[in-house]
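The next block is final.cif, given as mmCIF, C-alpha atoms.
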```
data_data
loop_
_atom_site.label_atom_id
_atom_site.label_comp_id
_atom_site.auth_asym_id
_atom_site.auth_seq_id
_atom_site.Cartn_x
_atom_site.Cartn_y
_atom_site.Cartn_z
CA MET A 771 20.95 69.15 -70.79
CA PRO A 772 19.05 72.09 -69.42
CA TRP A 773 15.85 70.13 -68.79
CA ILE A 774 17.47 68.07 -66.08
CA ASP A 775 17.43 71.19 -63.91
CA SER A 776 13.67 71.50 -64.27
CA SER A 777 11.12 69.53 -62.33
CA ILE A 778 8.53 67.37 -63.96
CA SER A 779 5.78 69.75 -62.89
CA ASP A 780 7.58 72.74 -64.53
CA ALA A 781 7.90 70.83 -67.80
CA MET A 782 4.22 69.91 -67.77
CA ALA A 783 3.27 73.55 -67.18
CA ALA A 784 5.46 74.76 -70.08
CA SER A 785 3.94 72.16 -72.36
CA GLY A 786 0.46 73.38 -71.52
CA ALA A 787 1.41 77.00 -72.18
CA ALA A 788 2.85 76.13 -75.63
CA ALA A 789 -0.33 74.39 -76.60
CA ALA A 790 -2.31 77.41 -75.57
CA LEU A 791 -0.16 79.71 -77.76
CA VAL A 792 -0.63 77.52 -80.80
CA ALA A 793 -4.36 77.57 -80.34
CA ALA A 794 -4.36 81.35 -79.91
CA ASP A 795 -2.57 82.25 -83.16
CA GLY A 796 -4.57 79.74 -85.21
CA SER A 797 -1.51 78.15 -86.64
CA ALA A 798 -2.61 74.84 -85.35
CA SER A 799 -5.99 73.51 -84.64
CA ALA A 800 -6.66 72.74 -80.97
CA ALA A 801 -7.26 69.17 -79.97
CA PRO A 802 -10.75 68.24 -78.93
CA SER A 803 -11.47 69.38 -75.40
CA GLN A 804 -10.92 66.31 -73.23
CA PRO A 805 -9.85 66.11 -69.62
CA PRO A 806 -6.23 65.21 -69.24
CA PRO A 807 -5.53 61.64 -68.25
CA PRO A 808 -5.12 61.11 -64.52
CA GLN A 809 -1.58 61.52 -63.40
CA PRO A 810 -0.05 59.26 -60.81
CA THR A 811 0.11 60.90 -57.45
CA ALA A 812 3.25 60.56 -55.41
CA PRO A 813 2.75 58.88 -52.04
CA PRO A 814 2.85 61.20 -49.09
CA LEU A 815 6.11 61.69 -47.30
CA ASP A 816 6.64 60.76 -43.70
CA GLU A 817 8.52 62.95 -41.27
CA THR A 818 11.88 61.57 -42.39
CA GLY A 819 11.27 62.41 -46.05
CA GLU A 820 10.94 58.75 -46.99
CA PHE A 821 7.86 57.41 -48.68
CA ASP A 822 5.16 56.25 -46.39
CA PHE A 823 4.54 52.68 -47.59
CA SER A 824 1.90 51.85 -45.04
CA ASP A 825 -1.00 52.76 -47.35
CA TRP A 826 0.03 50.80 -50.39
CA THR A 827 2.70 48.22 -49.61
CA ASP A 828 1.19 46.46 -46.55
CA PRO A 829 0.05 42.92 -47.43
CA PRO A 830 -3.70 42.30 -47.38
CA ASP A 831 -5.27 40.93 -44.23
CA PRO A 832 -5.18 37.12 -44.17
CA LYS A 833 -8.47 35.34 -44.63
CA ARG A 834 -10.07 34.43 -41.32
CA SER A 835 -10.71 30.76 -40.69
CA LYS A 836 -14.34 29.79 -40.63
CA ALA A 837 -13.62 27.78 -37.48
CA TRP A 838 -12.60 30.83 -35.40
CA TRP A 839 -15.72 30.42 -33.26
CA LEU A 840 -14.39 27.11 -31.86
CA ALA A 841 -11.69 28.92 -29.89
CA LEU A 842 -13.97 29.95 -27.02
CA PRO A 843 -15.48 26.52 -26.23
CA ILE A 844 -12.06 24.89 -26.54
CA ALA A 845 -10.63 27.39 -24.05
CA VAL A 846 -13.52 26.78 -21.65
CA ALA A 847 -13.10 23.00 -21.90
CA THR A 848 -9.38 23.35 -21.16
CA VAL A 849 -10.03 25.42 -18.04
CA VAL A 850 -12.65 22.96 -16.78
CA ALA A 851 -10.32 20.00 -17.34
CA LEU A 852 -7.54 21.79 -15.46
CA TRP A 853 -9.89 22.61 -12.56
CA VAL A 854 -11.05 19.00 -12.26
CA ASN A 855 -7.48 17.72 -12.30
CA VAL A 856 -6.30 20.11 -9.58
CA PHE A 857 -9.28 20.41 -7.25
CA VAL A 858 -11.16 17.15 -7.72
CA GLU A 859 -8.55 14.52 -8.38
CA GLY A 860 -5.85 16.25 -6.33
CA ASP A 861 -2.16 16.64 -6.87
CA GLU A 862 -1.48 12.93 -6.76
CA GLY A 863 -3.74 11.95 -9.66
CA PRO A 864 -6.96 9.93 -9.58
CA PRO A 865 -7.68 7.99 -6.37
CA ALA A 866 -6.64 4.40 -6.17
CA PRO A 867 -9.32 1.71 -6.10
CA LEU A 868 -11.02 1.54 -2.73
CA ALA A 869 -9.63 -1.13 -0.45
CA VAL A 870 -12.28 -2.83 1.69
CA VAL A 871 -11.65 -5.38 4.40
CA VAL A 872 -14.66 -7.66 4.58
CA ALA A 873 -15.58 -8.76 8.08
CA VAL A 874 -16.05 -12.51 7.97
CA PRO A 875 -18.38 -14.18 10.53
CA ARG A 876 -16.72 -16.34 13.12
CA THR A 877 -18.03 -19.58 11.65
CA THR A 878 -16.50 -18.97 8.22
CA LEU A 879 -12.99 -18.02 9.31
CA ALA A 880 -10.43 -20.64 8.42
CA PRO A 881 -8.14 -22.10 11.10
CA ALA A 882 -4.45 -22.07 10.30
CA THR A 883 -2.53 -25.27 9.77
CA THR A 884 0.40 -24.06 11.88
CA VAL A 885 0.45 -22.69 15.42
CA PRO A 886 1.11 -20.06 16.53
CA ASP A 887 2.63 -18.62 13.38
CA ALA A 888 -0.68 -18.06 11.59
CA VAL A 889 -0.60 -16.14 8.35
CA THR A 890 -2.81 -13.64 6.56
CA SER A 891 -3.76 -14.24 2.94
CA THR A 892 -4.96 -11.36 0.77
CA VAL A 893 -6.97 -11.87 -2.42
CA ALA A 894 -7.21 -8.80 -4.67
CA THR A 895 -10.09 -8.07 -7.02
CA THR A 896 -10.63 -5.27 -9.52
CA SER A 897 -12.62 -3.04 -7.18
CA SER A 898 -11.82 -4.14 -3.62
CA THR A 899 -9.55 -6.22 -1.47
CA THR A 900 -10.88 -9.13 0.59
CA THR A 901 -8.75 -10.30 3.47
CA THR A 902 -9.11 -13.82 4.82
CA ILE A 903 -7.56 -14.31 8.24
CA PHE A 904 -6.10 -17.67 9.18
CA PHE A 905 -5.77 -18.37 12.91
CA PRO A 906 -4.82 -21.24 15.22
CA SER A 907 -7.56 -23.84 15.59
CA ALA A 908 -9.24 -24.52 18.93
CA ASP A 909 -7.24 -27.69 19.60
CA SER A 910 -3.87 -26.08 18.94
CA TRP A 911 -3.16 -25.11 22.55
CA ASP A 912 -1.47 -27.44 25.01
CA ALA A 913 -2.40 -27.65 28.69
CA VAL A 914 -0.12 -25.70 31.00
CA GLY A 915 0.14 -26.31 34.77
CA GLU A 916 -2.17 -28.13 37.12
CA PRO A 917 -5.96 -28.06 36.64
CA ILE A 918 -7.79 -25.34 38.54
CA PRO A 919 -11.09 -26.47 40.09
CA THR A 920 -14.19 -24.78 38.72
CA SER A 921 -14.83 -23.13 42.08
CA GLY A 922 -11.43 -21.46 41.74
CA LEU A 923 -12.20 -20.00 38.28
CA THR A 924 -13.99 -16.98 39.73
CA LEU A 925 -15.09 -14.18 37.39
CA GLN A 926 -13.22 -11.07 38.49
CA ALA A 927 -12.40 -7.63 37.13
CA SER A 928 -8.74 -8.68 36.86
CA GLY A 929 -9.14 -12.12 35.27
CA ILE A 930 -10.53 -15.59 35.88
CA GLY A 931 -9.35 -16.88 39.26
CA PRO A 932 -5.53 -16.96 39.28
CA ILE A 933 -5.40 -16.46 35.48
CA ASP A 934 -4.80 -12.72 35.34
CA PHE A 935 -5.23 -10.42 32.38
CA GLY A 936 -1.88 -9.66 30.75
CA LEU A 937 -0.58 -13.22 30.89
CA PRO A 938 0.85 -14.53 27.58
CA ILE A 939 -1.62 -16.51 25.51
CA THR A 940 0.39 -19.72 25.74
CA GLU A 941 0.24 -19.57 29.53
CA SER A 942 -3.34 -18.28 29.98
CA ALA A 943 -4.93 -20.41 27.26
CA GLY A 944 -2.89 -23.37 28.49
CA ALA A 945 -4.23 -22.91 32.05
CA LEU A 946 -7.82 -22.84 30.77
CA VAL A 947 -7.19 -25.96 28.68
CA ALA A 948 -5.74 -27.72 31.72
CA SER A 949 -8.82 -26.76 33.79
CA LEU A 950 -11.69 -26.96 31.29
CA GLY A 951 -10.36 -29.28 28.62
CA VAL A 952 -9.61 -28.63 24.97
CA ALA A 953 -11.39 -25.53 23.63
CA GLN A 954 -14.49 -26.24 21.58
CA GLY A 955 -14.16 -23.31 19.20
CA ALA A 956 -11.88 -20.50 18.06
CA GLY A 957 -12.19 -17.43 15.87
CA ILE A 958 -11.61 -13.74 15.29
CA ASP A 959 -13.81 -10.97 16.69
CA SER A 960 -13.57 -7.77 14.60
CA GLU A 961 -16.73 -6.11 15.95
CA THR A 962 -16.34 -5.73 19.73
CA CYS A 963 -13.44 -3.31 19.42
CA PRO A 964 -13.49 -1.36 16.13
CA GLY A 965 -10.08 -1.51 14.52
CA SER A 966 -8.96 -4.49 16.61
CA ASP A 967 -9.07 -8.20 15.78
CA TRP A 968 -9.53 -10.26 18.93
CA TYR A 969 -8.76 -13.95 18.98
CA TRP A 970 -11.19 -15.99 21.05
CA LEU A 971 -11.34 -19.51 22.43
CA GLU A 972 -14.61 -21.06 23.51
CA TRP A 973 -15.42 -23.46 26.36
CA GLY A 974 -19.18 -23.88 26.32
CA ASP A 975 -20.68 -20.61 27.63
CA LEU A 976 -17.26 -19.12 28.43
CA LEU A 977 -15.34 -17.13 25.86
CA GLY A 978 -11.72 -16.23 26.56
CA LEU A 979 -10.47 -13.15 24.69
CA PHE A 980 -6.90 -12.47 23.56
CA ASP A 981 -5.37 -9.54 21.65
CA GLY A 982 -3.86 -11.89 19.08
CA TYR A 983 -2.59 -15.42 18.63
CA THR A 984 1.17 -14.99 18.31
CA PRO A 985 3.47 -15.76 21.26
CA SER A 986 3.38 -12.07 22.26
CA ALA A 987 -0.45 -12.00 22.51
CA GLU A 988 -2.04 -11.60 25.94
CA PHE A 989 -5.19 -12.60 27.81
CA ILE A 990 -7.39 -9.45 27.86
CA GLY A 991 -10.96 -10.41 28.77
CA TYR A 992 -13.83 -12.85 28.91
CA ALA A 993 -17.53 -13.08 28.13
CA TYR A 994 -19.69 -15.56 30.05
CA GLU A 995 -23.32 -15.84 28.97
CA THR A 996 -26.17 -18.19 28.17
CA ASP A 997 -29.41 -18.01 26.26
CA GLY A 998 -31.35 -19.11 29.33
CA THR A 999 -32.73 -22.29 27.79
CA SER A 1000 -30.37 -24.58 29.73
CA GLU A 1001 -28.06 -24.55 32.71
CA PRO A 1002 -24.81 -22.73 32.02
CA ASP A 1003 -21.80 -24.89 31.26
CA PRO A 1004 -19.30 -24.56 32.81
CA ILE A 1005 -20.88 -23.31 36.03
CA LEU A 1006 -18.90 -20.25 37.06
CA GLU A 1007 -19.61 -17.39 39.44
CA THR A 1008 -18.11 -14.11 40.58
CA LEU A 1009 -15.90 -13.87 43.62
CA SER A 1010 -18.97 -12.72 45.60
CA GLY A 1011 -21.12 -15.63 44.33
CA LEU A 1012 -23.18 -14.00 41.52
CA ARG A 1013 -24.19 -16.51 38.82
CA LEU A 1014 -25.98 -16.51 35.50
CA GLY A 1015 -29.72 -16.82 36.05
CA ASN A 1016 -29.65 -14.83 39.30
CA THR A 1017 -32.15 -12.00 39.55
CA VAL A 1018 -31.43 -8.29 39.35
CA GLY A 1019 -32.62 -8.14 42.96
CA THR A 1020 -29.85 -10.59 43.90
CA LEU A 1021 -27.38 -8.41 42.00
CA HIS A 1022 -28.36 -5.38 44.14
CA ARG A 1023 -28.15 -7.34 47.41
CA THR A 1024 -24.84 -9.00 46.54
CA TYR A 1025 -23.18 -5.71 45.63
CA ALA A 1026 -24.99 -3.36 48.00
CA SER A 1027 -21.76 -1.44 48.70
CA TYR A 1028 -21.11 -0.86 45.00
CA THR A 1029 -22.92 1.12 42.32
CA VAL A 1030 -25.32 -0.79 40.10
CA SER A 1031 -26.63 1.08 37.05
CA PHE A 1032 -28.26 0.15 33.76
CA GLU A 1033 -27.96 1.14 30.12
CA VAL A 1034 -29.48 0.08 26.84
CA ILE A 1035 -27.07 -1.28 24.21
CA GLU A 1036 -28.53 -2.12 20.81
CA GLY A 1037 -32.01 -2.32 22.30
CA LYS A 1038 -30.95 -4.63 25.16
CA ASP A 1039 -30.77 -3.77 28.89
CA HIS A 1040 -27.35 -4.21 30.47
CA PHE A 1041 -26.24 -3.86 34.09
CA ARG A 1042 -23.04 -2.07 35.06
CA LEU A 1043 -21.27 -2.78 38.34
CA SER A 1044 -18.80 -0.07 39.25
CA ASP A 1045 -16.81 1.24 42.19
CA GLY A 1046 -16.05 4.95 42.30
CA GLY A 1047 -16.63 5.27 38.56
CA GLU A 1048 -14.40 2.28 37.72
CA LEU A 1049 -16.22 -0.46 35.80
CA LEU A 1050 -15.87 -3.87 37.43
CA LEU A 1051 -18.35 -6.17 35.67
CA TRP A 1052 -21.27 -5.78 33.27
CA GLY A 1053 -23.64 -7.83 31.14
CA PRO A 1054 -27.12 -8.26 29.66
CA VAL A 1055 -30.28 -8.71 31.74
CA THR A 1056 -33.83 -9.61 30.77
CA SER A 1057 -35.18 -6.58 32.65
CA THR A 1058 -34.04 -3.87 35.02
CA GLU A 1059 -36.83 -4.83 37.42
CA PRO A 1060 -35.90 -6.86 40.55
CA GLN A 1061 -37.33 -10.02 38.96
CA GLY A 1062 -35.22 -9.62 35.83
CA THR A 1063 -32.50 -12.23 35.36
CA ILE A 1064 -28.82 -11.96 34.51
CA GLU A 1065 -27.97 -13.45 31.12
CA GLY A 1066 -24.28 -12.58 30.92
CA ILE A 1067 -21.27 -11.47 32.93
CA TYR A 1068 -18.49 -9.66 31.07
CA SER A 1069 -15.08 -8.45 32.14
CA PRO A 1070 -14.37 -4.70 32.03
CA ASP A 1071 -13.92 -3.06 28.63
CA ALA A 1072 -10.64 -4.35 27.16
CA CYS A 1073 -10.70 -2.21 24.01
CA PRO A 1074 -7.52 -0.14 23.50
CA SER A 1075 -8.04 3.43 24.66
CA GLU A 1076 -7.67 6.22 22.05
CA ASN A 1077 -4.93 8.74 22.75
#
```
The structure in this file should be written as structure tokens.
Amino acid sequence: MPWIDSSISDAMAASGAAAALVAADGSASAAPSQPPPPQPTAPPLDETGEFDFSDWTDPPDPKRSKAWWLALPIAVATVVALWVNVFVEGDEGPPAPLAVVVAVPRTTLAPATTVPDAVTSTVATTSSTTTTIFFPSADSWDAVGEPIPTSGLTLQASGIGPIDFGLPITESAGALVASLGVAQGAGIDSETCPGSDWYWLEWGDLLGLFDGYTPSAEFIGYAYETDGTSEPDPILETLSGLRLGNTVGTLHRTYASYTVSFEVIEGKDHFRLSDGGELLLWGPVTSTEPQGTIEGIYSPDACPSEN
């Protein structure tokens, strides 16, 4: 078959030439002049000689979703949520509900039914925690030792007469009970020393302060004061003879060899008796003038020092 050696383009050219010869010798009438039908064009070849299918075999582009514009705000919201989780809430998740200890006035604190092993009861709510402290009642302490006469219960920087600061509560409170009778009141002071709960026992105008109410608690201070409307009870004085109701002038004369200064605490004048910078006694006065009167005598600051 000789035509197999010819290309398609050669055969098409020969066919055109034969048609032209027939038309030239008039042996056959020429077909009406019409453009030849379009012939399929072979795809271009790539460098390897293979057909390049990229122009006609690639699938059409997929239809774009009409919701493509939501991608940006979603991405922004994701970043914001991540930022809040890391930088606002922290690595440990959202903060736990705030725990608040409510300071309860002395008169509303409940005495414990057992002494001295008082307990603490905690009542939880949805947003805070309220702690109610139970403590030994005023009549829970037994007398210890022989009674000390009132004249011997002198107000000093180191204690009350022979009852020194640092003595266990059973011994110090017991000595005061033996000398002054059963305490008339008891409670917890959470305000004098921030972060500390003092236990107090009351004998009229005298308040004995302790750093707790368990057997390991100690006697740490006192506050002796009156409102000035009546004579103090019990009647106590300092080792040098200073009493409530004495004038500021008497204070200066009694402690002429010491330093007497004044300061305002919560709008109230207070005297400070010190020796070489060491506080000995202090308390409120009606005025810093010589005629002002002494309304209270306190032991030195017993609050725990901060390291």
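Straight-line separation from atom CA of Thr924 of chain A to atom CA of Tyr1028 of chain A: 18.4 Å.
Distances here use only C-alpha atoms; by that measure, the residue among A:Ile1035, A:Ile990, A:Ser942, A:Leu1006 closest to Pro919 of chain A is A:Leu1006.
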Quiz item: Please, what distance in Å, to one decimal, runs between atom CA of Phe905 of chain A and atom CA of Tyr969 of chain A?
Solution: 8.1 Å
Quiz item: From the list A:Ile1067, A:Ala987, A:Ile903, A:Ala927, which residue is nearest Glu1048 of chain A when using all atoms listed in the file?
Solution: A:Ala927
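Across the model, the gap from atom CA of Leu1051 of chain A to atom CA of Thr962 of chain A is 16.1 Å.
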Quiz item: Of the residues A:Ser1044, A:Gln926, A:Ser907, A:Thr1063, which is the one nearest to Gly998 of chain A, using all atoms listed in the file?
Solution: A:Thr1063
Practice problem: List every protein, DNA or RNA residue that has an atom no more than 12 Å from (-26.7, -27.4, 34.8) in the file's coordinate frame, counting all atoms listed in the file, and report them as a ChimeraX atom specification. | Solution: /A:974-975,996,998-1006,1013-1015
Quiz item: Written as a ChimeraX atom specification, which residues does the PyMOL selection byres ((chain A and resi 908) around 8) give for the file shown?
Solution: /A:906-907,909-911,952-956,971-972
Self-check item: Expansion of the PyMOL selection byres ((chain A and resi 1030) around 10) into residues, as a count of residues only
Solution: 17
Exercise. Please provide the set of residues having any atom within 8 Å of Thr1056 of chain A, restricted to all atoms listed in the file, with same-chain residues fewer than 4 positions apart removed, written as a PyMOL selection string.
Key: chain A and resi 1039+1062-1065
Practice problem: Compare A:Gly957, A:Pro964, A:Gly1019, A:Gly1011 by their minimum atom-to-atom distance to Gly978 of chain A, counting all atoms listed in the file, and give me the closest one. | Solution: A:Gly957
Practice problem: Select, from A:Gly936, A:Pro1060, A:Gly1037, A:Pro1070, the residue with the minimum atom-to-atom distance to Asp981 of chain A, counting all atoms listed in the file. | Solution: A:Gly936
Practice problem: Pick out the residues sitting within 10 Å of Glu988 of chain A, and hand them over as a list in words; count all atoms listed in the file, and ignore anything fewer than 5 positions along from it in its own chain. | Solution: Asp934, Phe935, Gly936, Leu937, Pro938, Ile939, Thr940, Glu941, Ser942, Ala943, Tyr969, Leu979, Phe980, Asp981, Gly982 and Tyr983 of chain A
Restricting it to C-alpha atoms, dump the selection as a PDB file, in the coordinates of the input.
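To be explicit, this is the file written out as out-v9.pdb:
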```pdb
ATOM      1  CA  ASP A 934      -4.800 -12.720  35.340  1.00  0.00           C
ATOM      2  CA  PHE A 935      -5.230 -10.420  32.380  1.00  0.00           C
ATOM      3  CA  GLY A 936      -1.880  -9.660  30.750  1.00  0.00           C
ATOM      4  CA  LEU A 937      -0.580 -13.220  30.890  1.00  0.00           C
ATOM      5  CA  PRO A 938       0.850 -14.530  27.580  1.00  0.00           C
ATOM      6  CA  ILE A 939      -1.620 -16.510  25.510  1.00  0.00           C
ATOM      7  CA  THR A 940       0.390 -19.720  25.740  1.00  0.00           C
ATOM      8  CA  GLU A 941       0.240 -19.570  29.530  1.00  0.00           C
ATOM      9  CA  SER A 942      -3.340 -18.280  29.980  1.00  0.00           C
ATOM     10  CA  ALA A 943      -4.930 -20.410  27.260  1.00  0.00           C
ATOM     11  CA  TYR A 969      -8.760 -13.950  18.980  1.00  0.00           C
ATOM     12  CA  LEU A 979     -10.470 -13.150  24.690  1.00  0.00           C
ATOM     13  CA  PHE A 980      -6.900 -12.470  23.560  1.00  0.00           C
ATOM     14  CA  ASP A 981      -5.370  -9.540  21.650  1.00  0.00           C
ATOM     15  CA  GLY A 982      -3.860 -11.890  19.080  1.00  0.00           C
ATOM     16  CA  TYR A 983      -2.590 -15.420  18.630  1.00  0.00           C
TER      17      TYR A 983
END
```
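Considering the residues A:Cys963, A:Ala1072, A:Ala913, A:Ile918 and counting all atoms listed in the file, Tyr992 of chain A has its shortest atom-to-atom contact with A:Ala1072.
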